[in-house]
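Engineer: Next up, work18.txt (compact mmCIF, C-alpha atoms).
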```txt
# COMPACT_ATOMS: atom_id res chain seq x y z
CA MET A 1 83.08 16.86 66.25
CA ALA A 2 80.45 16.56 63.50
CA THR A 3 76.84 15.61 64.15
CA SER A 4 74.46 13.90 61.72
CA GLY A 5 72.43 17.04 61.10
CA THR A 6 69.23 14.97 61.17
CA ALA A 7 66.59 14.17 63.77
CA THR A 8 64.48 11.56 61.98
CA PHE A 9 64.91 8.43 64.12
CA ASN A 10 61.66 6.48 63.84
CA PRO A 11 62.19 2.70 64.16
CA ASP A 12 59.91 0.45 62.19
CA LEU A 13 57.80 -2.30 63.73
CA GLY A 14 60.48 -4.95 63.29
CA GLU A 15 63.11 -2.86 65.09
CA ILE A 16 60.73 -2.01 67.95
CA ILE A 17 59.86 -5.67 68.49
CA GLU A 18 63.50 -6.76 68.25
CA GLU A 19 64.55 -4.16 70.84
CA ALA A 20 61.72 -5.21 73.17
CA TYR A 21 62.70 -8.89 72.98
CA GLU A 22 66.30 -8.01 73.79
CA ARG A 23 65.23 -5.98 76.81
CA ALA A 24 63.14 -8.90 77.99
CA GLY A 25 66.25 -11.08 77.76
CA ILE A 26 65.32 -13.28 74.78
CA GLU A 27 65.66 -13.29 71.00
CA MET A 28 62.99 -13.11 68.33
CA ARG A 29 63.49 -16.25 66.23
CA SER A 30 60.25 -17.20 64.50
CA GLY A 31 57.25 -15.85 62.68
CA TYR A 32 55.15 -16.66 65.72
CA ASP A 33 57.40 -14.46 67.85
CA MET A 34 56.64 -11.57 65.51
CA ARG A 35 52.92 -12.34 65.47
CA THR A 36 52.53 -12.57 69.25
CA ALA A 37 54.58 -9.39 69.72
CA ARG A 38 52.38 -7.53 67.23
CA ARG A 39 49.29 -8.66 69.13
CA SER A 40 50.79 -7.48 72.43
CA LEU A 41 51.68 -4.16 70.84
CA ASN A 42 48.09 -3.59 69.68
CA ILE A 43 46.84 -4.39 73.18
CA LEU A 44 49.44 -2.04 74.67
CA VAL A 45 48.42 1.00 72.62
CA SER A 46 44.76 0.23 73.36
CA GLU A 47 45.66 0.43 77.05
CA TRP A 48 47.09 3.92 76.52
CA ALA A 49 43.59 5.24 75.80
CA ASN A 50 42.76 4.42 79.42
CA ARG A 51 45.81 6.23 80.80
CA GLY A 52 44.76 9.73 79.80
CA LEU A 53 44.68 12.25 76.98
CA ASN A 54 47.13 11.50 74.16
CA LEU A 55 47.42 14.88 72.44
CA TRP A 56 48.58 13.53 69.08
CA THR A 57 45.30 11.62 68.72
CA VAL A 58 43.11 14.72 69.03
CA GLU A 59 41.36 15.52 65.73
CA ILE A 60 38.78 18.09 64.71
CA GLY A 61 35.57 16.94 63.07
CA THR A 62 32.34 18.47 61.79
CA GLN A 63 28.76 17.31 61.54
CA THR A 64 26.15 19.23 59.57
CA LEU A 65 22.84 18.91 61.37
CA THR A 66 19.49 17.95 59.86
CA ALA A 67 16.27 19.52 61.04
CA GLY A 68 14.38 17.11 63.28
CA THR A 69 17.33 14.72 63.75
CA ALA A 70 18.73 14.50 67.28
CA SER A 71 21.33 11.69 67.02
CA TYR A 72 24.50 11.47 64.93
CA ALA A 73 27.07 8.67 64.67
CA LEU A 74 30.74 9.51 65.24
CA PRO A 75 33.66 7.87 63.39
CA ALA A 76 34.06 4.27 64.62
CA ASP A 77 37.59 4.89 65.98
CA THR A 78 36.40 7.70 68.28
CA ILE A 79 37.16 7.18 71.97
CA ASP A 80 35.48 10.33 73.27
CA LEU A 81 34.77 13.98 72.54
CA ILE A 82 36.77 16.53 74.52
CA GLU A 83 35.27 19.78 73.18
CA HIS A 84 32.25 20.71 71.07
CA VAL A 85 30.48 23.85 69.84
CA ILE A 86 27.41 24.61 67.76
CA ARG A 87 28.13 26.82 64.74
CA THR A 88 25.57 28.97 62.98
CA SER A 89 25.96 30.58 59.54
CA SER A 90 29.03 28.46 58.78
CA GLY A 91 31.32 30.06 56.20
CA ASP A 92 29.80 33.52 56.47
CA GLN A 93 32.62 35.88 57.45
CA ASN A 94 30.24 38.39 59.00
CA ALA A 95 27.69 36.11 60.62
CA GLN A 96 29.45 32.87 61.62
CA ASN A 97 29.13 32.27 65.34
CA ASP A 98 30.20 29.44 67.67
CA ARG A 99 28.48 28.67 70.97
CA GLN A 100 29.47 26.07 73.49
CA LEU A 101 27.43 22.90 73.80
CA ASN A 102 26.95 21.84 77.39
CA ARG A 103 27.72 18.14 77.84
CA ILE A 104 25.22 16.29 79.99
CA SER A 105 25.08 12.83 81.56
CA ILE A 106 22.66 10.06 80.71
CA ALA A 107 20.83 10.87 83.96
CA SER A 108 20.35 14.49 82.90
CA ARG A 109 19.19 13.45 79.45
CA ALA A 110 16.72 10.98 80.92
CA THR A 111 15.03 13.74 82.94
CA ILE A 112 14.43 16.11 79.98
CA PRO A 113 10.61 16.34 79.92
CA ASN A 114 10.18 16.80 76.16
CA LYS A 115 13.02 15.29 74.19
CA LEU A 116 11.35 16.25 70.88
CA SER A 117 11.24 20.00 71.43
CA ARG A 118 13.04 21.93 68.70
CA GLY A 119 15.32 24.94 68.68
CA VAL A 120 19.00 25.83 68.71
CA PRO A 121 20.84 22.86 70.31
CA LEU A 122 22.21 23.71 73.75
CA GLN A 123 23.14 20.32 75.21
CA ILE A 124 25.01 17.24 73.98
CA TYR A 125 25.05 13.71 75.35
CA VAL A 126 27.81 11.38 74.11
CA ASP A 127 26.80 7.71 74.10
CA ARG A 128 30.12 5.84 74.20
CA GLN A 129 29.14 2.56 72.58
CA ALA A 130 31.38 0.48 70.27
CA THR A 131 30.33 3.00 67.61
CA PRO A 132 29.79 6.19 69.62
CA THR A 133 26.86 8.50 68.95
CA PHE A 134 25.97 11.96 70.19
CA TYR A 135 22.49 13.30 70.94
CA LEU A 136 21.47 16.96 70.89
CA TRP A 137 18.81 18.88 72.75
CA PRO A 138 16.80 20.77 71.73
CA VAL A 139 16.44 18.89 68.45
CA PRO A 140 17.71 21.09 65.58
CA ASP A 141 14.83 23.16 64.18
CA SER A 142 14.16 23.92 60.55
CA VAL A 143 14.83 27.66 60.79
CA SER A 144 18.63 27.66 60.42
CA THR A 145 21.47 25.40 59.33
CA TYR A 146 23.69 24.31 62.22
CA THR A 147 27.04 22.55 62.31
CA VAL A 148 28.57 20.80 65.30
CA ILE A 149 32.32 21.32 65.48
CA TYR A 150 33.98 18.80 67.78
CA TRP A 151 37.43 17.77 68.90
CA ARG A 152 37.61 14.02 69.30
CA LEU A 153 40.08 11.64 70.86
CA ARG A 154 40.68 8.83 68.36
CA ARG A 155 42.25 5.40 68.76
CA ILE A 156 45.94 4.92 68.05
CA GLN A 157 46.27 3.13 64.72
CA ASP A 158 46.97 -0.63 64.68
CA THR A 159 50.38 -2.07 63.86
CA GLY A 160 49.19 -3.52 60.55
CA THR A 161 50.77 -6.65 59.09
CA GLY A 162 54.03 -5.36 57.64
CA SER A 163 57.22 -5.37 59.71
CA THR A 164 58.35 -2.15 58.02
CA ASN A 165 55.36 -0.15 59.24
CA THR A 166 55.99 2.59 61.76
CA MET A 167 53.83 3.18 64.80
CA ASP A 168 51.24 5.93 65.06
CA ILE A 169 53.05 7.70 67.92
CA PRO A 170 55.37 10.70 68.26
CA SER A 171 59.06 10.07 68.88
CA ARG A 172 58.78 11.15 72.51
CA PHE A 173 56.69 8.02 73.23
CA ILE A 174 59.05 5.49 71.60
CA PRO A 175 60.91 4.71 74.89
CA ALA A 176 57.61 4.04 76.66
CA LEU A 177 56.36 1.87 73.78
CA VAL A 178 59.47 -0.31 73.74
CA ALA A 179 59.51 -0.59 77.55
CA GLY A 180 55.83 -1.53 77.62
CA LEU A 181 56.22 -4.18 74.93
CA ALA A 182 59.21 -5.72 76.74
CA PHE A 183 57.06 -5.99 79.87
CA HIS A 184 54.18 -7.59 77.95
CA LEU A 185 56.50 -10.10 76.27
CA ALA A 186 58.12 -11.08 79.58
CA MET A 187 54.68 -11.84 81.06
CA LYS A 188 54.21 -14.49 78.35
CA LYS A 189 57.40 -16.39 79.20
CA PRO A 190 57.46 -18.36 82.47
CA GLU A 191 61.27 -18.39 82.43
CA LEU A 192 61.28 -14.56 82.56
CA VAL A 193 59.09 -14.22 85.64
CA SER A 194 61.96 -12.62 87.61
CA ARG A 195 62.18 -9.80 85.05
CA VAL A 196 58.46 -8.92 85.00
CA ILE A 197 58.41 -6.57 87.99
CA PRO A 198 61.57 -4.60 87.01
CA LEU A 199 60.29 -4.27 83.44
CA LYS A 200 56.88 -3.12 84.70
CA GLN A 201 58.48 -0.50 86.95
CA TYR A 202 60.64 0.79 84.12
CA TYR A 203 57.66 0.89 81.76
CA ASP A 204 55.58 2.91 84.24
CA GLU A 205 58.49 5.33 84.71
CA GLN A 206 58.94 5.82 80.96
CA PHE A 207 55.25 6.30 80.35
CA MET A 208 54.98 8.83 83.15
CA LEU A 209 57.88 10.83 81.71
CA ALA A 210 56.26 10.89 78.27
CA ALA A 211 52.76 11.62 79.55
CA GLU A 212 53.92 14.51 81.73
CA GLU A 213 55.65 16.05 78.72
CA ASP A 214 52.63 15.50 76.45
CA ARG A 215 50.53 18.36 77.82
CA ASP A 216 48.93 21.60 76.73
CA ARG A 217 51.17 24.55 77.55
CA ALA A 218 48.51 27.24 77.26
CA SER A 219 48.24 29.64 80.20
CA VAL A 220 45.59 28.76 82.76
CA SER A 221 44.01 31.09 85.31
CA PHE A 222 41.61 30.31 88.15
CA THR A 223 39.07 32.77 89.53
CA PRO A 224 37.67 31.97 92.98
CA TYR A 225 33.91 31.96 93.37
CA ILE A 226 32.68 34.03 96.31
CA GLY A 227 29.08 33.29 97.11
CA HIS A 228 26.70 35.92 98.42
```
Could the structure of this file be written out as structure tokens, please?

Structural biologist:
Amino acid sequence: MATSGTATFNPDLGEIIEEAYERAGIEMRSGYDMRTARRSLNILVSEWANRGLNLWTVEIGTQTLTAGTASYALPADTIDLIEHVIRTSSGDQNAQNDRQLNRISIASRATIPNKLSRGVPLQIYVDRQATPTFYLWPVPDSVSTYTVIYWRLRRIQDTGTGSTNTMDIPSRFIPALVAGLAFHLAMKKPELVSRVIPLKQYYDEQFMLAAEEDRDRASVSFTPYIGH
């Protein structure tokens, strides 16, 4: 028996919404149906940022530091930073060196006696506002050029306005996306109240399956600490 020889299934926005309506037990019949489904879909993927680390949204970024400047704005779609290092002599094959930046809380930053002292940055505080910013201490001095290398968790891209757009997710999350949208659509229809709980349970199951697969497979070792 012949197979297709391809593995490129990636339904567009219209197909995803149509499938979700069918699972909810209704049909998409109007432009408003499309518009309200698109809005629910944007809310759904925003919710995923609260469910944990979505590996496909991890991106590397750089920030060249300026002597005497402690704060730097991050891209507006940044959710959080997950790793960060300070790099000296960037681009020099023989001298480039990365050192870890220790992330501190707002309480720890508040208790730093002299927030203007200068040197090689050792600590980073991430202020997670609508446009996130990070603060360094000590403040970069004027002796060397430093670069912060960071790995950020960004937002999942919006649906956009076209029905032929595809979603900013890997194929392994398509079942969870469709299941979640069907649940959200059912909550909007009083006549579908009996389907809400089963759809929610199925959505949670599908998301758990995808999230458990979406993990780092690097080896991990733990060394016990024995105090003296």

Engineer: Which one of A:Met1, A:Ala110, A:Leu13, A:Ile26 sits closest to A:Ala186 if you count only C-alpha atoms?

Structural biologist: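 Looking only at the distances to A:Ala186, the closest residue turns out to be A:Ile26.
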
Engineer: A:Leu55, A:Ile79, A:Met208, A:Ile149: which is nearest A:Leu177, counting all atoms listed in the file?

Structural biologist: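 Smallest distance to A:Leu177 is found for A:Met208.
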
Engineer: May I ask for the distance between atom CA of A:Ile104 and atom CA of A:Pro132, given in Å to one decimal place?

Structural biologist: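 Interatomic distance here is 15.2 Å.
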
Engineer: Using all atoms listed in the file, pick whichever of A:Ala107, A:Ile197, A:Leu53, A:Val178 has the shortest atom-to-atom distance to A:Glu213.

Structural biologist: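 Checking each candidate against A:Glu213, we get A:Leu53 as the closest.
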
Engineer: Env of A:Asn10: 7 Å cut, atoms = all atoms listed in the file, seq-sep filter 2 positions within chain, self excluded. Answer as an MDAnalysis selection string.

Structural biologist: chainID A and resid 8 12 171

Engineer: Around (22.3, 9.3, 69.3) in the file's own coordinates, what residues are found within 8 Å if you use all atoms listed in the file, given back as a list in words?

Structural biologist: Ala70, Ser71, Tyr72, Ala73, Tyr125, Val126, Asp127, Thr133, Phe134, Tyr135 and Leu136 of chain A

Engineer: Between A:Asp141, A:Asp80, A:Pro170, A:Arg35, which has the minimum distance to A:Ala49 (counting all atoms listed in the file)?

Structural biologist: A:Asp80

Engineer: Name all residues at most 10 Å from A:Ile82 (count all atoms listed in the file; drop same-chain ones fewer than 2 positions away) and give them as a PDB file with C-alpha atoms, in the frame of the given file.

Structural biologist:
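result-v5.pdb, written as the output of this step:
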```pdb
ATOM      1  CA  LEU A  53      44.680  12.250  76.980  1.00  0.00           C
ATOM      2  CA  VAL A  58      43.110  14.720  69.030  1.00  0.00           C
ATOM      3  CA  GLU A  59      41.360  15.520  65.730  1.00  0.00           C
ATOM      4  CA  ILE A  79      37.160   7.180  71.970  1.00  0.00           C
ATOM      5  CA  ASP A  80      35.480  10.330  73.270  1.00  0.00           C
ATOM      6  CA  HIS A  84      32.250  20.710  71.070  1.00  0.00           C
ATOM      7  CA  ARG A 103      27.720  18.140  77.840  1.00  0.00           C
ATOM      8  CA  TYR A 150      33.980  18.800  67.780  1.00  0.00           C
ATOM      9  CA  TRP A 151      37.430  17.770  68.900  1.00  0.00           C
ATOM     10  CA  ARG A 152      37.610  14.020  69.300  1.00  0.00           C
ATOM     11  CA  LEU A 153      40.080  11.640  70.860  1.00  0.00           C
TER      12      LEU A 153
END
```

Engineer: Of the residues A:Glu19, A:Ala37, A:Gly25, A:Pro175, which is the one nearest to A:Ser194, using all atoms listed in the file?

Structural biologist: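 Answer, going by the shortest atom-to-atom distance: A:Gly25.
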
Engineer: For a test of reading the model, state the distance in Å between atom CA of A:Ser4 and atom CA of A:Met167, rounded to one decimal.

Structural biologist: 23.5 Å

Engineer: Give me the residues near A:Gln206 as a ChimeraX atom specification, where near means some atom within 8 Å (using only C-alpha atoms) and where sequence neighbours in that chain fewer than 2 positions away do not count.

Structural biologist: /A:175-176,179,202-204,208-210

Engineer: Which distance in Å separates atom CA of A:Ile17 and atom CA of A:Trp56, to one decimal?

Structural biologist: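 Taking atom CA of A:Ile17 as the start and atom CA of A:Trp56 as the end point, the length is 22.3 Å.
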
Engineer: Using only C-alpha atoms, can you tell me which of A:Asn165, A:Ala67, A:Arg87, A:Ser105 comes closest to A:Pro138?

Structural biologist: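 Of all the options, A:Ala67 lies closest to A:Pro138.
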
Engineer: May I have the residues within 10 Å of A:Arg38 as a list in words, using only C-alpha atoms and disregarding those fewer than 2 positions away in the same chain?

Structural biologist: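 Close residues of A:Arg38: Leu13, Gly14, Ile17, Tyr32, Asp33, Met34, Arg35, Thr36, Ser40, Leu41, Asn42, Ile43, Leu44, Asp158, Thr159, Gly160, Thr161, Gly162, Ser163 and Leu181 of chain A.
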
Engineer: Would you save the residues from that selection as a short mmCIF file (atom, residue, chain, number, x, y, z; two decimals), in the frame of the given file, using C-alpha atoms?

Structural biologist:
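Output saved as result_12.cif:
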```cif
data_model
loop_
_atom_site.label_atom_id
_atom_site.label_comp_id
_atom_site.auth_asym_id
_atom_site.auth_seq_id
_atom_site.Cartn_x
_atom_site.Cartn_y
_atom_site.Cartn_z
CA LEU A 13 57.80 -2.30 63.73
CA GLY A 14 60.48 -4.95 63.29
CA ILE A 17 59.86 -5.67 68.49
CA TYR A 32 55.15 -16.66 65.72
CA ASP A 33 57.40 -14.46 67.85
CA MET A 34 56.64 -11.57 65.51
CA ARG A 35 52.92 -12.34 65.47
CA THR A 36 52.53 -12.57 69.25
CA SER A 40 50.79 -7.48 72.43
CA LEU A 41 51.68 -4.16 70.84
CA ASN A 42 48.09 -3.59 69.68
CA ILE A 43 46.84 -4.39 73.18
CA LEU A 44 49.44 -2.04 74.67
CA ASP A 158 46.97 -0.63 64.68
CA THR A 159 50.38 -2.07 63.86
CA GLY A 160 49.19 -3.52 60.55
CA THR A 161 50.77 -6.65 59.09
CA GLY A 162 54.03 -5.36 57.64
CA SER A 163 57.22 -5.37 59.71
CA LEU A 181 56.22 -4.18 74.93
#
```

Engineer: Using all atoms of stretch 190-198 of chain A listed in the file and a margin of 4 Å per side, can you give the axis-aligned box centre and edge lengths in Å to one decimal, as JSON?

Structural biologist:
```
{"center_x": 59.8, "center_y": -11.5, "center_z": 85.2, "size_x": 12.7, "size_y": 21.8, "size_z": 13.6}
```

Engineer: Could stretch 124-152 of chain A be completed with N, CA and C atoms and returned as a short mmCIF file (atom, residue, chain, number, x, y, z; two decimals), in the coordinates of the input?

Structural biologist:
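Written out: rebuild12.cif:
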```
data_model
loop_
_atom_site.label_atom_id
_atom_site.label_comp_id
_atom_site.auth_asym_id
_atom_site.auth_seq_id
_atom_site.Cartn_x
_atom_site.Cartn_y
_atom_site.Cartn_z
N ILE A 124 24.54 18.42 74.72
CA ILE A 124 25.01 17.24 73.98
C ILE A 124 25.24 16.10 74.95
N TYR A 125 24.77 14.93 74.59
CA TYR A 125 25.05 13.71 75.35
C TYR A 125 25.81 12.76 74.44
N VAL A 126 26.98 12.28 74.89
CA VAL A 126 27.81 11.38 74.11
C VAL A 126 27.61 9.96 74.62
N ASP A 127 27.05 9.11 73.76
CA ASP A 127 26.80 7.71 74.10
C ASP A 127 27.99 6.90 73.62
N ARG A 128 28.84 6.46 74.54
CA ARG A 128 30.12 5.84 74.20
C ARG A 128 29.97 4.33 74.00
N GLN A 129 29.27 3.95 72.96
CA GLN A 129 29.14 2.56 72.58
C GLN A 129 30.32 2.16 71.70
N ALA A 130 30.31 0.92 71.17
CA ALA A 130 31.38 0.48 70.27
C ALA A 130 31.50 1.44 69.10
N THR A 131 30.36 1.88 68.56
CA THR A 131 30.33 3.00 67.61
C THR A 131 29.63 4.14 68.32
N PRO A 132 30.39 5.13 68.80
CA PRO A 132 29.79 6.19 69.62
C PRO A 132 28.85 7.09 68.83
N THR A 133 27.88 7.62 69.53
CA THR A 133 26.86 8.50 68.95
C THR A 133 26.65 9.67 69.88
N PHE A 134 26.35 10.85 69.32
CA PHE A 134 25.97 11.96 70.19
C PHE A 134 24.54 12.38 69.92
N TYR A 135 23.88 12.86 70.99
CA TYR A 135 22.49 13.30 70.94
C TYR A 135 22.42 14.77 71.33
N LEU A 136 21.60 15.53 70.64
CA LEU A 136 21.47 16.96 70.89
C LEU A 136 20.10 17.30 71.45
N TRP A 137 20.07 18.32 72.27
CA TRP A 137 18.81 18.88 72.75
C TRP A 137 18.98 20.38 72.94
N PRO A 138 17.98 21.16 72.51
CA PRO A 138 16.80 20.77 71.73
C PRO A 138 17.19 20.15 70.38
N VAL A 139 16.23 19.46 69.79
CA VAL A 139 16.44 18.89 68.45
C VAL A 139 16.57 20.05 67.46
N PRO A 140 17.54 19.99 66.53
CA PRO A 140 17.71 21.09 65.58
C PRO A 140 16.39 21.43 64.88
N ASP A 141 16.07 22.74 64.84
CA ASP A 141 14.83 23.16 64.18
C ASP A 141 15.08 23.37 62.69
N SER A 142 14.08 23.77 62.00
CA SER A 142 14.16 23.92 60.55
C SER A 142 14.41 25.36 60.12
N VAL A 143 14.68 26.24 61.09
CA VAL A 143 14.83 27.66 60.79
C VAL A 143 16.21 27.95 60.23
N SER A 144 17.25 27.36 60.82
CA SER A 144 18.63 27.66 60.42
C SER A 144 19.40 26.37 60.17
N THR A 145 20.55 26.52 59.52
CA THR A 145 21.47 25.40 59.33
C THR A 145 22.53 25.46 60.41
N TYR A 146 22.72 24.37 61.14
CA TYR A 146 23.69 24.31 62.22
C TYR A 146 24.76 23.27 61.89
N THR A 147 25.95 23.50 62.43
CA THR A 147 27.04 22.55 62.31
C THR A 147 27.65 22.34 63.68
N VAL A 148 27.85 21.09 64.06
CA VAL A 148 28.57 20.80 65.30
C VAL A 148 30.05 20.66 64.95
N ILE A 149 30.88 21.43 65.61
CA ILE A 149 32.32 21.32 65.48
C ILE A 149 32.81 20.64 66.76
N TYR A 150 33.53 19.53 66.60
CA TYR A 150 33.98 18.80 67.78
C TYR A 150 35.45 18.43 67.66
N TRP A 151 36.05 18.26 68.81
CA TRP A 151 37.43 17.77 68.90
C TRP A 151 37.36 16.41 69.56
N ARG A 152 37.77 15.38 68.81
CA ARG A 152 37.61 14.02 69.30
C ARG A 152 38.96 13.39 69.62
#
```
